[in-house]
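Student: Below is one structure. I have some questions about it.
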Amino acid sequence: VSWKKNWKPDPVGKSILILPAWLEVPEKFLERKIIRLDPRSAFGTGSHPSTRLCLEALDHNPPVGKTIADLGCGSGILSLTALKLGAKCTFSVDTDSLATSATKINSALNDVPAKFLNVFLGSIEEIEANMPKEKIDLVLCNILAPVIKSLGPHFQKIIRSKGKVILSGLLVQQIEELQELFLQIGWQVLEIKTKDQWALMVLTLNLS
């Protein structure tokens, strides 16, 4: 099939390999954590700078033993990567039923049991309804800024006191406005990374 020719194994960070589902793992990447994807489901194959920023952040600081919320899970790429890097489980939501289907397909391609990757159609309220009592350790939110603004005030409902939020999908020129917004509602910014014109922000609740 001609479109398949364009897809190649894609190493990310030190330890991840995004692999189109029909390819074998190249020998030089055997040591990496393999994330198999069916790229036809289109929602996030890891090539977009904002997804890349998130993947690199997870790779740099693996979420071992953590409970993850993935808002706007798309293809499930961030959830799957978090699990491969040692996360305990994910609660992955998207408002698009094609995306939740894609996440389930990709989850099966990676032999991830449903009890570890919990997929729901909807948004933050689905996470709130289904998450464990001790709440979420790390929220991944790779969505466009207007949606982040509307979700921001609700993050506190799902996150435990020392938990973190990774926001991506922001344009560099939106950083300042979002920083202001989150400072006003009780968050502090721990880190900002940029790639091309895209940015990633790491937040935690300001408990002082």
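Chain lettering (A, B, ...) mirrors the order of the structure tokens, residue numbering begins at 1 for each chain separately, and ligand numbering begins at 1 in order of display.
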Can you pull out every residue within 10 Å of Leu53 (chain A), counting only C-alpha atoms, but drop anything in the same chain fewer than 3 positions away, and send it as a tab-separated table (two decimals) with C-alpha atoms, in the first residue's frame?

Tutor:
chain	number	residue	atom	x	y	z
A	12	VAL	CA	11.81	9.97	20.64
A	13	GLY	CA	14.01	11.04	23.53
A	46	GLY	CA	4.00	11.77	17.68
A	47	SER	CA	5.31	13.93	14.87
A	48	HIS	CA	3.57	17.18	15.89
A	49	PRO	CA	5.86	19.44	17.99
A	50	SER	CA	3.32	19.70	20.83
A	56	GLU	CA	10.07	14.10	25.67
A	57	ALA	CA	8.83	15.39	29.04
A	58	LEU	CA	7.59	11.89	29.95
A	59	ASP	CA	10.81	10.32	28.72
A	142	ASN	CA	-2.16	18.36	24.87
A	166	ILE	CA	1.71	19.09	31.74
A	167	LEU	CA	0.06	21.48	29.29
A	168	SER	CA	1.05	21.30	25.65
A	169	GLY	CA	-0.62	22.38	22.42
A	193	LYS	CA	9.84	24.21	27.11
A	194	THR	CA	9.44	25.26	23.49
A	195	LYS	CA	9.81	23.58	20.09
A	198	TRP	CA	4.88	25.44	20.22
A	199	ALA	CA	5.25	25.39	23.99
A	200	LEU	CA	4.83	23.06	26.95
A	201	MET	CA	4.20	24.18	30.52

Student: Taking only chain A into account, list the residues labelled alpha helix (DSSP H) by DSSP (computed from the backbone), as a compact mmCIF listing (two decimals) with N, CA and C atoms, in the first residue's frame.

Tutor:
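Result saved to out.txt:
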# COMPACT_ATOMS: atom_id res chain seq x y z
N PRO A 49 4.97 18.93 16.92
CA PRO A 49 5.86 19.44 17.99
C PRO A 49 5.22 19.41 19.38
N SER A 50 3.91 19.67 19.48
CA SER A 50 3.32 19.70 20.83
C SER A 50 3.26 18.30 21.44
N THR A 51 2.99 17.28 20.59
CA THR A 51 3.00 15.89 21.08
C THR A 51 4.42 15.49 21.46
N ARG A 52 5.35 15.90 20.60
CA ARG A 52 6.77 15.60 20.83
C ARG A 52 7.24 16.16 22.17
N LEU A 53 6.86 17.40 22.45
CA LEU A 53 7.24 18.02 23.73
C LEU A 53 6.74 17.18 24.91
N CYS A 54 5.50 16.69 24.81
CA CYS A 54 4.94 15.85 25.88
C CYS A 54 5.68 14.52 26.00
N LEU A 55 5.95 13.88 24.86
CA LEU A 55 6.66 12.61 24.87
C LEU A 55 8.04 12.77 25.50
N GLU A 56 8.72 13.85 25.12
CA GLU A 56 10.07 14.10 25.67
C GLU A 56 10.02 14.39 27.16
N ALA A 57 8.97 15.11 27.60
CA ALA A 57 8.83 15.39 29.04
C ALA A 57 8.62 14.09 29.82
N LEU A 58 7.81 13.19 29.28
CA LEU A 58 7.59 11.89 29.95
C LEU A 58 8.87 11.06 29.96
N ASP A 59 9.58 11.08 28.85
CA ASP A 59 10.81 10.32 28.72
C ASP A 59 11.87 10.84 29.70
N HIS A 60 11.90 12.15 29.85
CA HIS A 60 12.90 12.80 30.70
C HIS A 60 12.63 12.54 32.19
N ILE A 77 -1.51 8.02 22.30
CA ILE A 77 -0.04 7.94 22.29
C ILE A 77 0.59 8.34 23.63
N LEU A 78 0.04 9.38 24.28
CA LEU A 78 0.64 9.82 25.54
C LEU A 78 0.32 8.83 26.67
N SER A 79 -0.91 8.32 26.67
CA SER A 79 -1.29 7.32 27.68
C SER A 79 -0.41 6.08 27.56
N LEU A 80 -0.25 5.60 26.33
CA LEU A 80 0.55 4.39 26.10
C LEU A 80 2.00 4.61 26.49
N THR A 81 2.52 5.78 26.16
CA THR A 81 3.91 6.09 26.51
C THR A 81 4.08 6.14 28.02
N ALA A 82 3.14 6.80 28.70
CA ALA A 82 3.20 6.88 30.17
C ALA A 82 3.22 5.48 30.78
N LEU A 83 2.35 4.60 30.28
CA LEU A 83 2.29 3.23 30.81
C LEU A 83 3.58 2.47 30.53
N LYS A 84 4.11 2.61 29.32
CA LYS A 84 5.37 1.92 28.99
C LYS A 84 6.53 2.44 29.85
N SER A 97 -15.54 10.57 19.56
CA SER A 97 -15.64 9.11 19.67
C SER A 97 -14.65 8.40 18.74
N LEU A 98 -14.26 9.06 17.64
CA LEU A 98 -13.24 8.46 16.77
C LEU A 98 -11.91 8.36 17.51
N ALA A 99 -11.63 9.36 18.34
CA ALA A 99 -10.39 9.35 19.12
C ALA A 99 -10.41 8.25 20.18
N THR A 100 -11.53 8.11 20.88
CA THR A 100 -11.55 7.06 21.92
C THR A 100 -11.46 5.68 21.27
N SER A 101 -12.06 5.52 20.09
CA SER A 101 -11.91 4.24 19.36
C SER A 101 -10.45 4.01 18.98
N ALA A 102 -9.79 5.08 18.48
CA ALA A 102 -8.38 4.97 18.08
C ALA A 102 -7.52 4.58 19.28
N THR A 103 -7.81 5.18 20.45
CA THR A 103 -7.05 4.86 21.66
C THR A 103 -7.21 3.38 22.01
N LYS A 104 -8.45 2.88 21.88
CA LYS A 104 -8.68 1.46 22.20
C LYS A 104 -7.96 0.55 21.21
N ILE A 105 -7.98 0.91 19.93
CA ILE A 105 -7.28 0.11 18.90
C ILE A 105 -5.78 0.06 19.22
N ASN A 106 -5.22 1.24 19.49
CA ASN A 106 -3.77 1.31 19.75
C ASN A 106 -3.40 0.63 21.07
N SER A 107 -4.32 0.69 22.02
CA SER A 107 -4.11 0.00 23.29
C SER A 107 -4.00 -1.51 23.06
N ALA A 108 -4.89 -2.03 22.21
CA ALA A 108 -4.86 -3.47 21.88
C ALA A 108 -3.58 -3.84 21.12
N LEU A 109 -3.14 -2.96 20.22
CA LEU A 109 -1.90 -3.22 19.46
C LEU A 109 -0.70 -3.37 20.40
N ILE A 124 -13.18 16.25 31.54
CA ILE A 124 -12.65 16.14 32.91
C ILE A 124 -13.67 15.53 33.89
N GLU A 125 -14.97 15.73 33.60
CA GLU A 125 -15.98 15.19 34.53
C GLU A 125 -15.97 13.65 34.52
N GLU A 126 -15.59 13.05 33.38
CA GLU A 126 -15.49 11.58 33.33
C GLU A 126 -14.32 11.09 34.18
N ILE A 127 -13.25 11.86 34.19
CA ILE A 127 -12.11 11.50 35.04
C ILE A 127 -12.52 11.61 36.51
N GLU A 128 -13.19 12.71 36.82
CA GLU A 128 -13.64 12.92 38.21
C GLU A 128 -14.54 11.78 38.68
N ALA A 129 -15.41 11.32 37.81
CA ALA A 129 -16.36 10.26 38.17
C ALA A 129 -15.70 8.89 38.32
N ASN A 130 -14.58 8.68 37.65
CA ASN A 130 -13.99 7.33 37.59
C ASN A 130 -12.64 7.16 38.27
N ALA A 145 -5.11 26.04 23.31
CA ALA A 145 -5.22 26.98 24.44
C ALA A 145 -6.65 27.34 24.87
N PRO A 146 -7.58 27.62 23.94
CA PRO A 146 -8.93 27.98 24.41
C PRO A 146 -9.57 26.88 25.26
N VAL A 147 -9.30 25.62 24.90
CA VAL A 147 -9.87 24.50 25.67
C VAL A 147 -9.16 24.40 27.03
N ILE A 148 -7.84 24.61 27.01
CA ILE A 148 -7.09 24.59 28.27
C ILE A 148 -7.64 25.65 29.23
N LYS A 149 -7.95 26.83 28.68
CA LYS A 149 -8.49 27.91 29.54
C LYS A 149 -9.80 27.50 30.18
N SER A 150 -10.65 26.80 29.41
CA SER A 150 -11.94 26.42 30.00
C SER A 150 -11.79 25.27 31.00
N LEU A 151 -10.78 24.42 30.80
CA LEU A 151 -10.58 23.28 31.72
C LEU A 151 -9.80 23.68 32.98
N PHE A 155 -9.05 21.62 37.04
CA PHE A 155 -7.94 20.69 37.31
C PHE A 155 -7.84 20.34 38.79
N GLN A 156 -8.13 21.34 39.64
CA GLN A 156 -7.98 21.10 41.09
C GLN A 156 -8.88 19.98 41.59
N LYS A 157 -9.98 19.73 40.89
CA LYS A 157 -10.92 18.70 41.35
C LYS A 157 -10.33 17.30 41.21
N ILE A 158 -9.40 17.14 40.27
CA ILE A 158 -8.94 15.77 40.00
C ILE A 158 -7.51 15.49 40.47
N ILE A 175 1.84 31.75 25.94
CA ILE A 175 2.39 31.36 27.25
C ILE A 175 2.04 32.38 28.33
N GLU A 176 2.28 33.65 28.01
CA GLU A 176 2.14 34.68 29.04
C GLU A 176 0.72 34.73 29.59
N GLU A 177 -0.23 34.73 28.68
CA GLU A 177 -1.64 34.81 29.08
C GLU A 177 -2.03 33.60 29.95
N LEU A 178 -1.57 32.41 29.55
CA LEU A 178 -1.92 31.21 30.32
C LEU A 178 -1.23 31.19 31.67
N GLN A 179 0.01 31.67 31.69
CA GLN A 179 0.71 31.77 32.97
C GLN A 179 -0.08 32.63 33.95
N GLU A 180 -0.49 33.80 33.46
CA GLU A 180 -1.30 34.72 34.27
C GLU A 180 -2.55 34.04 34.81
N LEU A 181 -3.26 33.39 33.90
CA LEU A 181 -4.52 32.74 34.26
C LEU A 181 -4.29 31.72 35.38
N PHE A 182 -3.27 30.86 35.22
CA PHE A 182 -3.05 29.81 36.21
C PHE A 182 -2.51 30.36 37.53
N LEU A 183 -1.69 31.42 37.47
CA LEU A 183 -1.23 32.04 38.71
C LEU A 183 -2.42 32.57 39.51
N GLN A 184 -3.37 33.17 38.80
CA GLN A 184 -4.54 33.74 39.49
C GLN A 184 -5.39 32.68 40.17
